[in-house]
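Student: TSV, C-alpha atoms and all ligand atoms, file target.tsv:
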chain	number	residue	atom	x	y	z
A	1	MET	CA	184.75	71.93	204.48
A	2	ALA	CA	182.57	74.93	203.62
A	3	GLU	CA	182.64	73.96	199.98
A	4	ARG	CA	181.68	70.36	200.78
A	5	LYS	CA	178.65	71.57	202.74
A	6	GLY	CA	177.67	74.05	200.03
A	7	THR	CA	177.96	71.40	197.34
A	8	ASP	CA	175.76	69.03	199.31
A	9	SER	CA	173.18	71.72	199.89
A	10	LEU	CA	173.00	72.87	196.26
A	11	ASP	CA	172.95	69.24	195.09
A	12	ARG	CA	170.02	68.52	197.34
A	13	LEU	CA	168.07	71.63	196.27
A	14	HIS	CA	168.79	70.87	192.62
A	15	ARG	CA	167.65	67.25	192.89
A	16	ARG	CA	164.46	68.31	194.68
A	17	ALA	CA	163.61	71.04	192.13
A	18	LYS	CA	164.38	68.68	189.27
A	19	ALA	CA	162.11	66.01	190.73
A	20	LEU	CA	159.31	68.48	191.48
A	21	THR	CA	159.31	69.97	187.97
A	22	GLY	CA	160.36	66.92	185.96
A	23	MET	CA	162.71	69.14	183.98
A	24	PRO	CA	165.69	67.69	182.10
A	25	VAL	CA	168.17	70.03	183.78
A	26	THR	CA	171.64	69.51	185.20
A	27	ARG	CA	173.34	70.82	188.31
A	28	ARG	CA	174.95	73.48	186.14
A	29	ASP	CA	171.48	75.04	185.83
A	30	ALA	CA	171.36	75.28	189.63
A	31	GLU	CA	174.70	77.09	189.55
A	32	ARG	CA	173.37	79.50	186.93
A	33	ALA	CA	170.20	80.12	188.94
A	34	LEU	CA	172.26	80.85	192.04
A	35	ALA	CA	174.75	83.03	190.17
A	36	ALA	CA	171.87	85.05	188.69
A	37	CYS	CA	170.79	85.99	192.22
A	38	LEU	CA	174.12	87.78	192.59
A	39	SER	CA	173.39	89.99	189.55
A	40	ASP	CA	170.70	92.21	191.01
A	41	SER	CA	167.75	91.96	193.32
A	42	ASP	CA	165.16	92.87	190.68
A	43	MET	CA	163.45	89.53	190.01
A	44	TRP	CA	163.17	90.06	186.26
A	45	THR	CA	166.85	90.96	186.01
A	46	VAL	CA	167.69	87.79	187.91
A	47	ILE	CA	165.52	85.82	185.47
A	48	ARG	CA	167.22	87.49	182.50
A	49	HIS	CA	170.62	86.43	183.84
A	50	SER	CA	169.60	82.87	184.76
A	51	HIS	CA	169.89	81.20	181.31
A	52	ALA	CA	167.98	78.21	182.60
A	53	PRO	CA	164.35	77.07	182.26
A	54	LEU	CA	161.99	79.31	184.21
A	55	ARG	CA	159.93	76.34	185.30
A	56	TYR	CA	162.95	74.92	187.13
A	57	THR	CA	164.62	78.09	188.41
A	58	THR	CA	161.41	79.38	189.99
A	59	CYS	CA	161.05	76.07	191.83
A	60	LEU	CA	164.68	76.17	192.97
A	61	TRP	CA	164.32	79.76	194.20
A	62	ASP	CA	161.19	78.75	196.07
A	63	LEU	CA	163.09	75.95	197.83
A	64	MET	CA	165.95	78.35	198.58
A	65	GLU	CA	163.49	80.75	200.16
A	66	LYS	CA	162.04	77.98	202.33
A	67	GLU	CA	165.56	77.18	203.54
A	68	GLY	CA	166.33	80.78	204.38
A	69	LEU	CA	168.81	81.31	201.54
A	70	LEU	CA	166.67	83.84	199.74
A	71	THR	CA	164.00	86.41	200.48
A	72	THR	CA	161.32	87.67	198.13
A	73	GLN	CA	159.72	90.98	198.81
A	74	ASP	CA	158.16	93.67	196.62
A	75	GLY	CA	159.29	91.95	193.47
A	76	ARG	CA	162.83	91.63	194.75
A	77	LEU	CA	164.86	88.47	195.04
A	78	THR	CA	167.60	88.90	197.58
A	79	LEU	CA	170.11	86.36	198.83
A	80	THR	CA	170.33	86.23	202.61
A	81	GLU	CA	173.73	86.13	204.31
A	82	GLU	CA	173.40	82.35	204.28
A	83	GLY	CA	172.60	82.40	200.57
A	84	LYS	CA	175.63	84.57	199.87
A	85	SER	CA	177.81	82.24	201.94
A	86	LEU	CA	176.55	79.28	199.94
A	87	ALA	CA	177.52	80.98	196.66
A	88	GLU	CA	180.88	81.93	198.09
A	89	ALA	CA	181.55	78.44	199.42
A	90	LEU	CA	180.88	77.06	195.95
A	91	GLY	CA	183.05	79.67	194.26
A	92	ILE	CA	180.07	81.04	192.35
A	93	GLY	CA	180.34	84.68	191.32
A	94	PRO	CA	177.87	87.06	189.71
A	95	PRO	CA	177.16	86.61	185.99
A	96	MET	CA	179.39	88.90	183.94
A	97	THR	CA	178.34	90.68	180.77
A	98	PHE	CA	180.85	92.35	178.52
A	99	ASP	CA	178.40	93.31	175.79
A	100	CYS	CA	179.39	96.00	173.35
A	101	PRO	CA	177.17	98.96	174.37
A	102	HIS	CA	177.07	100.21	170.79
A	103	CYS	CA	175.19	97.20	169.43
A	104	ASP	CA	173.87	95.65	172.67
A	105	GLY	CA	176.03	92.62	171.90
A	106	ARG	CA	174.27	91.78	168.62
A	107	GLY	CA	177.30	92.57	166.53
A	108	VAL	CA	175.20	94.66	164.15
A	109	ASP	CA	175.32	98.45	164.04
A	110	VAL	CA	171.79	99.73	163.41
A	111	SER	CA	172.64	103.27	164.51
A	112	SER	CA	174.32	104.53	161.38
A	113	GLY	CA	174.16	104.51	157.60
A	114	LEU	CA	171.72	102.38	155.66
A	115	LEU	CA	170.39	100.53	158.69
A	116	LYS	CA	169.73	103.75	160.60
A	117	SER	CA	167.37	105.07	157.94
A	118	LEU	CA	165.77	101.64	157.66
A	119	LEU	CA	165.28	101.56	161.44
A	120	GLU	CA	163.71	105.03	161.56
A	121	ARG	CA	161.27	104.23	158.77
A	122	PHE	CA	160.40	100.89	160.34
A	123	ARG	CA	159.95	102.45	163.79
A	124	GLN	CA	157.39	104.88	162.35
A	125	ILE	CA	155.44	102.09	160.68
A	126	ALA	CA	155.54	99.76	163.70
A	127	GLN	CA	153.94	102.38	165.96
A	128	GLU	CA	150.52	101.32	164.68
A	129	ARG	CA	151.13	97.57	165.07
A	130	PRO	CA	148.54	95.22	166.60
A	131	THR	CA	149.06	94.25	170.26
A	132	ALA	CA	150.52	90.84	171.17
A	133	LEU	CA	147.92	88.13	171.74
A	134	GLN	CA	148.36	85.24	174.15
A	135	LYS	CA	146.17	82.86	172.15
A	136	PHE	CA	148.80	82.85	169.38
A	137	ASP	CA	151.77	82.90	171.80
A	138	GLN	CA	152.70	86.33	170.45
A	139	GLY	CA	155.31	88.63	171.93
A	140	TYR	CA	157.33	90.78	169.58
A	141	VAL	CA	160.95	91.88	169.63
A	142	THR	CA	162.15	95.48	169.76
A	143	VAL	CA	162.34	97.34	166.46
A	144	GLU	CA	166.14	97.41	166.80
A	145	THR	CA	166.10	93.61	167.06
A	146	THR	CA	163.94	93.21	163.94
A	147	ILE	CA	166.26	95.43	161.91
A	148	ALA	CA	169.35	93.65	163.28
A	149	ARG	CA	167.87	90.28	162.30
A	150	VAL	CA	167.21	91.54	158.78
A	151	ALA	CA	170.76	92.93	158.70
A	152	VAL	CA	172.27	89.55	159.61
A	153	ALA	CA	170.32	87.81	156.84
A	154	TRP	CA	171.25	90.57	154.41
A	155	ALA	CA	174.94	90.30	155.30
A	156	LYS	CA	174.80	86.52	154.90
A	157	GLY	CA	173.59	86.96	151.32
A	158	ASP	CA	170.19	85.46	152.13
A	159	LEU	CA	168.14	88.46	150.95
A	160	THR	CA	169.58	90.11	147.85
A	161	GLY	CA	167.79	88.74	144.81
A	162	LYS	CA	166.23	86.03	146.95
A	163	SER	CA	162.68	84.83	147.57
A	164	VAL	CA	161.95	85.03	151.26
A	165	ILE	CA	159.12	83.55	153.34
A	166	VAL	CA	158.22	84.61	156.88
A	167	LEU	CA	156.21	82.11	158.95
A	168	GLY	CA	154.34	83.98	161.67
A	169	ASP	CA	155.20	87.63	161.93
A	170	ASP	CA	154.22	89.63	164.99
A	171	ASP	CA	157.78	91.02	164.76
A	172	LEU	CA	156.81	92.58	161.39
A	173	VAL	CA	160.07	91.31	159.94
A	174	SER	CA	158.39	90.95	156.53
A	175	ILE	CA	157.88	94.71	156.40
A	176	ALA	CA	161.50	95.36	157.32
A	177	LEU	CA	162.60	92.85	154.68
A	178	ALA	CA	160.51	94.54	152.01
A	179	LEU	CA	161.81	97.97	153.06
A	180	THR	CA	165.38	96.92	152.21
A	181	GLY	CA	164.26	96.78	148.58
A	182	VAL	CA	166.73	93.98	147.82
A	183	CYS	CA	164.58	90.84	148.07
A	184	ARG	CA	163.09	89.40	144.90
A	185	ASN	CA	159.86	88.87	146.79
A	186	VAL	CA	158.63	88.44	150.36
A	187	LEU	CA	155.71	86.23	151.37
A	188	VAL	CA	154.45	86.42	154.94
A	189	ILE	CA	151.95	83.96	156.36
A	190	ASP	CA	150.26	84.28	159.73
A	191	ILE	CA	147.24	82.84	161.53
A	192	ASP	CA	146.34	86.30	162.86
A	193	ARG	CA	144.02	88.23	160.56
A	194	ARG	CA	144.88	91.54	162.27
A	195	LEU	CA	148.53	91.16	161.32
A	196	ILE	CA	147.74	90.23	157.73
A	197	ARG	CA	145.46	93.26	157.42
A	198	PHE	CA	148.11	95.53	158.95
A	199	ILE	CA	150.94	94.26	156.72
A	200	ARG	CA	148.77	94.61	153.59
A	201	GLN	CA	147.90	98.16	154.59
A	202	VAL	CA	151.59	99.01	155.03
A	203	ALA	CA	152.49	97.31	151.73
A	204	ARG	CA	149.96	99.58	150.00
A	205	SER	CA	150.88	102.83	151.73
A	206	GLU	CA	154.64	102.25	151.47
A	207	ARG	CA	154.37	100.90	147.91
A	208	LEU	CA	156.07	97.63	148.81
A	209	THR	CA	154.89	95.83	145.69
A	210	ASN	CA	156.91	92.65	146.28
A	211	LEU	CA	155.41	92.02	149.74
A	212	GLU	CA	152.49	89.60	149.92
A	213	ALA	CA	150.62	88.67	153.12
A	214	ARG	CA	148.42	85.59	153.41
A	215	GLU	CA	146.38	84.22	156.26
A	216	HIS	CA	147.46	80.67	157.06
A	217	ASP	CA	147.39	78.37	160.08
A	218	LEU	CA	150.71	76.50	160.14
A	219	ARG	CA	148.98	73.43	161.54
A	220	ASN	CA	147.54	73.06	158.05
A	221	PRO	CA	149.66	71.80	155.14
A	222	LEU	CA	151.39	74.44	153.03
A	223	PRO	CA	149.65	74.97	149.68
A	224	ASP	CA	151.55	73.42	146.73
A	225	ALA	CA	152.26	76.86	145.31
A	226	TRP	CA	154.60	77.61	148.24
A	227	LEU	CA	156.49	74.32	148.29
A	228	GLY	CA	160.14	74.48	147.25
A	229	GLN	CA	159.82	78.11	146.14
A	230	PHE	CA	161.98	80.07	148.59
A	231	ASP	CA	165.66	80.69	149.26
A	232	THR	CA	165.24	81.84	152.84
A	233	PHE	CA	162.75	81.45	155.67
A	234	LEU	CA	162.46	83.40	158.89
A	235	CYS	CA	160.33	82.57	161.91
A	236	ASP	CA	160.22	82.81	165.69
A	237	PRO	CA	158.60	79.52	166.67
A	238	THR	CA	156.60	78.70	169.73
A	239	GLU	CA	159.04	76.71	171.87
A	240	SER	CA	157.23	73.52	172.67
A	241	PHE	CA	159.20	70.81	170.85
A	242	VAL	CA	156.14	69.85	168.81
A	243	GLY	CA	155.36	73.46	167.92
A	244	PHE	CA	158.97	74.16	167.06
A	245	LYS	CA	159.12	71.21	164.67
A	246	VAL	CA	155.91	72.32	162.97
A	247	PHE	CA	157.33	75.80	162.28
A	248	ILE	CA	160.71	74.55	161.07
A	249	ASP	CA	159.29	71.74	158.94
A	250	ARG	CA	156.91	74.12	157.18
A	251	GLY	CA	159.81	76.51	156.65
A	252	LEU	CA	162.01	73.75	155.24
A	253	LEU	CA	159.19	72.58	152.97
A	254	ALA	CA	159.03	76.07	151.50
A	255	LEU	CA	162.77	76.11	150.72
A	256	LYS	CA	164.25	75.23	147.34
A	257	GLY	CA	166.85	72.83	148.75
A	258	ALA	CA	170.62	72.70	149.24
A	259	GLY	CA	172.02	76.16	149.92
A	260	SER	CA	168.73	77.58	151.16
A	261	ALA	CA	168.78	79.11	154.64
A	262	GLY	CA	166.51	79.46	157.66
A	263	TYR	CA	166.41	81.75	160.69
A	264	PHE	CA	164.68	81.28	164.01
A	265	GLY	CA	164.88	82.20	167.69
A	266	LEU	CA	165.36	79.97	170.71
A	267	THR	CA	165.41	80.87	174.41
A	268	ARG	CA	167.05	79.34	177.43
A	269	LEU	CA	164.06	80.27	179.61
A	270	GLU	CA	161.60	77.96	177.88
A	271	SER	CA	163.98	75.45	176.39
A	272	SER	CA	166.44	73.43	178.46
A	273	LEU	CA	169.79	72.53	176.95
A	274	SER	CA	168.34	69.06	176.65
A	275	LYS	CA	165.67	70.50	174.34
A	276	TRP	CA	168.38	72.47	172.53
A	277	GLN	CA	170.12	69.15	171.92
A	278	ARG	CA	166.93	67.51	170.61
A	279	ILE	CA	166.37	70.51	168.37
A	280	GLN	CA	169.90	70.37	166.99
A	281	GLN	CA	169.56	66.62	166.38
A	282	PHE	CA	166.26	67.26	164.61
A	283	LEU	CA	167.87	69.93	162.40
A	284	LEU	CA	170.76	67.62	161.48
A	285	SER	CA	168.29	64.85	160.66
A	286	ARG	CA	166.58	67.22	158.24
A	287	GLY	CA	169.81	67.80	156.31
A	288	ALA	CA	170.48	71.21	157.84
A	289	VAL	CA	173.63	72.52	159.49
A	290	VAL	CA	173.71	75.26	162.13
A	291	THR	CA	175.97	78.00	160.75
A	292	ASP	CA	175.31	80.71	163.34
A	293	ILE	CA	174.06	81.06	166.90
A	294	ARG	CA	173.96	84.55	168.33
A	295	ASP	CA	172.99	84.32	171.97
A	296	ARG	CA	170.71	86.98	173.54
A	297	PHE	CA	170.21	88.55	170.12
A	298	HIS	CA	166.45	89.00	170.36
A	299	TRP	CA	165.10	91.39	172.98
A	300	TYR	CA	161.36	91.20	173.49
A	301	GLU	CA	159.08	94.04	174.42
A	302	ASN	CA	156.99	93.22	177.48
A	303	TRP	CA	153.56	91.93	176.61
A	304	ASP	CA	150.27	92.88	178.27
A	305	TYR	CA	149.29	89.36	179.27
A	306	VAL	CA	152.25	88.74	181.60
A	307	GLU	CA	149.93	88.03	184.56
A	308	LYS	CA	148.04	85.44	182.53
A	309	MET	CA	151.06	83.52	181.30
A	310	ARG	CA	151.78	80.08	182.67
A	311	ALA	CA	154.90	81.13	184.57
A	312	TRP	CA	153.11	83.85	186.57
A	313	ASP	CA	151.94	81.28	189.14
A	314	TRP	CA	155.49	79.99	189.56
A	315	LEU	CA	157.11	83.39	190.15
A	316	PRO	CA	158.53	83.92	193.61
A	317	ALA	CA	157.29	87.54	193.57
A	318	LYS	CA	154.24	88.76	191.67
A	319	GLU	CA	155.49	91.95	190.14
A	320	ARG	CA	155.17	93.10	186.53
A	321	PRO	CA	158.49	93.58	184.72
A	322	ARG	CA	159.64	97.14	184.09
A	323	ASP	CA	162.48	96.39	181.71
A	324	ILE	CA	163.23	93.89	179.01
A	325	TRP	CA	163.80	90.42	180.50
A	326	TYR	CA	162.90	87.91	177.79
A	327	GLN	CA	165.67	87.25	175.30
A	328	SER	CA	166.45	84.58	172.76
A	329	ALA	CA	169.28	83.43	170.54
A	330	LEU	CA	169.22	83.88	166.78
A	331	PHE	CA	169.93	80.69	164.83
A	332	ARG	CA	170.83	80.44	161.15
A	333	ILE	CA	170.70	77.07	159.45
A	334	GLU	CA	171.58	76.09	155.90
A	335	LEU	CA	170.37	73.05	153.98
A	336	LEU	CA	172.89	70.61	152.52
A	337	ARG	CA	170.22	68.54	150.80
A	338	THR	CA	166.48	68.55	150.19
A	339	PRO	CA	164.88	66.93	153.23
A	340	ARG	CA	161.99	64.54	152.96
A	341	ILE	CA	159.24	66.03	155.11
A	342	SER	CA	155.55	65.26	155.20
A	343	ASN	CA	153.17	68.13	154.59
A	344	GLU	CA	150.40	66.76	156.76
A	345	PRO	CA	147.96	68.56	159.07
A	346	VAL	CA	148.94	68.76	162.73
A	347	VAL	CA	146.12	68.59	165.27
A	348	GLY	CA	145.82	69.81	168.82
A	349	ASP	CA	147.80	72.10	171.07
A	350	ILE	CA	151.21	72.94	169.62
A	351	PHE	CA	152.02	75.65	172.16
A	352	THR	CA	152.54	73.75	175.41
A	353	ASP	CA	155.08	71.31	176.76
A	354	ASN	CA	156.55	70.83	180.23
A	355	GLU	CA	159.05	73.64	179.68
A	356	ALA	CA	156.71	76.25	178.18
A	357	ALA	CA	156.46	79.30	180.42
A	358	THR	CA	155.01	82.26	178.57
A	359	THR	CA	152.12	80.58	176.75
B	1	FE	FE	179.25	96.16	168.89
Mind converting the file's structure to structure tokens?
Ligand SMILES: [Fe+2]
Tutor:
Amino acid sequence: MAERKGTDSLDRLHRRAKALTGMPVTRRDAERALAACLSDSDMWTVIRHSHAPLRYTTCLWDLMEKEGLLTTQDGRLTLTEEGKSLAEALGIGPPMTFDCPHCDGRGVDVSSGLLKSLLERFRQIAQERPTALQKFDQGYVTVETTIARVAVAWAKGDLTGKSVIVLGDDDLVSIALALTGVCRNVLVIDIDRRLIRFIRQVARSERLTNLEAREHDLRNPLPDAWLGQFDTFLCDPTESFVGFKVFIDRGLLALKGAGSAGYFGLTRLESSLSKWQRIQQFLLSRGAVVTDIRDRFHWYENWDYVEKMRAWDWLPAKERPRDIWYQSALFRIELLRTPRISNEPVVGDIFTDNEAATT
């Protein structure tokens, strides 16, 4: 009986939040959003554990608060006794994490050997990095994350003796790539002149002679000289579906063809599983296969403009995050054939769609 009532109540809240936000979510997302509330009462920790679009979960939490299932105070999200009973009636428990503490669940050990010295050198260099800018949807990952990403590509054989292109690089992954000393050459392109200037400066001072940085807006076609020239691309696209496709298509255009590989990040906070599905269908249609997905691989440093991001207005409690909350999965794809892709200009806003939260 209790379960019946709980099911009805969560169903109703889910349907209402789905209708209000127009998000392509399922009831499972409601379960995740409720389970996350059992993780902690720090709002940002709850968000980190929710694994569902922020646009939808914030709406659901708001409805839960109105129904007395949840309270929000001083940046804390706390289930009331009624809220806890609802979770219990539905058999929903707190989210469990069994991450390896040594590698934070990335499966890459950056704390010893070759990667340790690479990390320390990179950490020094990154201290002087430009701040993240909202107008380019920037927000960079921790230095450990950048080195771990490079390590994965290295271990997959996508770096040694290979030509590598980085499309958009506030993570400074191009510098880390060049520091390995194993790539044939590294080209980094970015719209942000500050980043290009910084990377060039580092290339000079660190004598990274095979690292080249060029200013380029990805909405513009890639110059012929970069087409079909690279073995590997890396990027961390903006997550609107349109923006994502622009990044990946430019990356694929730069690749040589079958056997070439690409890396990118994708969140659950700004991309519903429905968008994940569209993205995977898009990748398959381009002749690529997904070889690796490492969930919660990328950990992002908090950015200054958190109060100006789209999701700020939706948050149940207006409190700046103290710890890391924004994470994304690392994807690796490999081409099985040369895709046919147009290299045309793209006009307009590529940063926003209904699910975008941090732009
Ligand atoms: Fe580990």
Student: Give the residue list for ligand FE 1 (chain B) at 9 Å, counting only C-alpha atoms and all ligand atoms, as an MDAnalysis selection string, sorted by chain and then by residue number.
Tutor: chainID A and resid 99:109
Student: CA of Ala261 in chain A to CA of Leu159 in chain A: how many Å, to one decimal?
Tutor: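 Interatomic distance, CA of Ala261 in chain A to CA of Leu159 in chain A: 10.1 Å.
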Student: At what distance in Å, to one decimal, does CA of Arg193 in chain A lie from CA of Glu215 in chain A?
Tutor: 6.3 Å
Student: Considering only C-alpha atoms, state which residue in the set A:Thr267, A:Ser274, A:Thr338, A:Gln280 is at the smallest distance from His51 in chain A.
Tutor: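 That would be A:Thr267, the residue with the smallest distance to His51 in chain A.
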Student: Choose the residue, out of A:Gly262, A:Gly243, A:Gly68, A:Gly251, that has the smallest atom-to-atom separation from Phe351 in chain A; count all atoms listed in the file.
Tutor: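 Checking each candidate against Phe351 in chain A, we get A:Gly243 as the closest.
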Student: Report, as AutoDock Vina command-line options, the axis-aligned box around all atoms of range 219-232 of chain A present in the file, extended by 4 Å on each side; give centre and edge lengths in Å to one decimal place.
Tutor:
--center_x 156.6 --center_y 76.8 --center_z 153.4 --size_x 26.1 --size_y 18.0 --size_z 24.2
Student: What's the 12 Å shell around Glu319 in chain A, counting only C-alpha atoms, without same-chain residues fewer than 3 positions away, as an mmCIF file with C-alpha atoms, in the coordinates of the input?
Tutor:
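Listing of out.cif after writing:
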data_model
loop_
_atom_site.group_PDB
_atom_site.id
_atom_site.type_symbol
_atom_site.label_atom_id
_atom_site.label_comp_id
_atom_site.auth_asym_id
_atom_site.auth_seq_id
_atom_site.Cartn_x
_atom_site.Cartn_y
_atom_site.Cartn_z
ATOM 1 C CA ASP A 42 165.160 92.870 190.680
ATOM 2 C CA MET A 43 163.450 89.530 190.010
ATOM 3 C CA TRP A 44 163.170 90.060 186.260
ATOM 4 C CA THR A 72 161.320 87.670 198.130
ATOM 5 C CA GLN A 73 159.720 90.980 198.810
ATOM 6 C CA ASP A 74 158.160 93.670 196.620
ATOM 7 C CA GLY A 75 159.290 91.950 193.470
ATOM 8 C CA ARG A 76 162.830 91.630 194.750
ATOM 9 C CA LEU A 77 164.860 88.470 195.040
ATOM 10 C CA VAL A 306 152.250 88.740 181.600
ATOM 11 C CA GLU A 307 149.930 88.030 184.560
ATOM 12 C CA TRP A 312 153.110 83.850 186.570
ATOM 13 C CA ASP A 313 151.940 81.280 189.140
ATOM 14 C CA TRP A 314 155.490 79.990 189.560
ATOM 15 C CA LEU A 315 157.110 83.390 190.150
ATOM 16 C CA PRO A 316 158.530 83.920 193.610
ATOM 17 C CA ARG A 322 159.640 97.140 184.090
ATOM 18 C CA ASP A 323 162.480 96.390 181.710
#
Student: Give me, please, the distance in Å between CA of Tyr263 in chain A and CA of Thr58 in chain A, quoted to one decimal.
Tutor: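 Between CA of Tyr263 in chain A and CA of Thr58 in chain A the gap works out to 29.8 Å.
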Student: From the set A:His49, A:Gln138, A:Leu114, A:Thr21, which residue has the shortest atom-to-atom contact distance to Trp325 in chain A, counting all atoms listed in the file?
Tutor: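 Of the candidates, the smallest distance to Trp325 in chain A is held by A:His49.
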Student: Between A:Leu20, A:Cys183, A:Leu118, A:Ile165, which is the closest to Cys235 in chain A once you count all atoms listed in the file?
Tutor: A:Ile165
Student: Please determine, counting only C-alpha atoms, which residue among A:Ile279, A:Val152, A:Leu172, A:Val182 has the shortest atom-to-atom distance to Phe297 in chain A.
Tutor: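 Among the listed residues, the smallest separation from Phe297 in chain A belongs to A:Val152.
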Student: Hey, could you patch up range 226-239 of chain A with N, CA and C atoms and hand it over as an mmCIF file, in the coordinates of the input?
Tutor:
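Below is the file out_7.cif, written as the result:
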data_model
loop_
_atom_site.group_PDB
_atom_site.id
_atom_site.type_symbol
_atom_site.label_atom_id
_atom_site.label_comp_id
_atom_site.auth_asym_id
_atom_site.auth_seq_id
_atom_site.Cartn_x
_atom_site.Cartn_y
_atom_site.Cartn_z
ATOM 1 N N TRP A 226 153.503 77.080 147.412
ATOM 2 C CA TRP A 226 154.600 77.610 148.240
ATOM 3 C C TRP A 226 155.719 76.594 148.446
ATOM 4 N N LEU A 227 155.503 75.370 148.025
ATOM 5 C CA LEU A 227 156.490 74.320 148.290
ATOM 6 C C LEU A 227 157.720 74.480 147.400
ATOM 7 N N GLY A 228 158.898 74.442 148.010
ATOM 8 C CA GLY A 228 160.140 74.480 147.250
ATOM 9 C C GLY A 228 160.374 75.762 146.468
ATOM 10 N N GLN A 229 159.777 76.866 146.912
ATOM 11 C CA GLN A 229 159.820 78.110 146.140
ATOM 12 C C GLN A 229 160.762 79.173 146.724
ATOM 13 N N PHE A 230 161.286 78.966 147.905
ATOM 14 C CA PHE A 230 161.980 80.070 148.590
ATOM 15 C C PHE A 230 163.446 79.755 148.891
ATOM 16 N N ASP A 231 164.235 80.823 148.936
ATOM 17 C CA ASP A 231 165.660 80.690 149.260
ATOM 18 C C ASP A 231 165.902 80.786 150.761
ATOM 19 N N THR A 232 165.015 81.518 151.436
ATOM 20 C CA THR A 232 165.240 81.840 152.840
ATOM 21 C C THR A 232 163.921 81.842 153.598
ATOM 22 N N PHE A 233 163.927 81.250 154.811
ATOM 23 C CA PHE A 233 162.750 81.450 155.670
ATOM 24 C C PHE A 233 163.179 82.081 156.979
ATOM 25 N N LEU A 234 162.254 82.836 157.566
ATOM 26 C CA LEU A 234 162.460 83.400 158.890
ATOM 27 C C LEU A 234 161.232 83.107 159.744
ATOM 28 N N CYS A 235 161.454 82.767 161.006
ATOM 29 C CA CYS A 235 160.330 82.570 161.910
ATOM 30 C C CYS A 235 160.821 82.676 163.345
ATOM 31 N N ASP A 236 159.882 82.807 164.267
ATOM 32 C CA ASP A 236 160.220 82.810 165.690
ATOM 33 C C ASP A 236 159.249 81.842 166.350
ATOM 34 N N PRO A 237 159.581 80.557 166.313
ATOM 35 C CA PRO A 237 158.600 79.520 166.670
ATOM 36 C C PRO A 237 158.182 79.563 168.130
ATOM 37 N N THR A 238 156.987 79.028 168.374
ATOM 38 C CA THR A 238 156.600 78.700 169.730
ATOM 39 C C THR A 238 157.567 77.600 170.172
ATOM 40 N N GLU A 239 157.902 77.541 171.481
ATOM 41 C CA GLU A 239 159.040 76.710 171.870
ATOM 42 C C GLU A 239 158.740 75.321 172.390
#
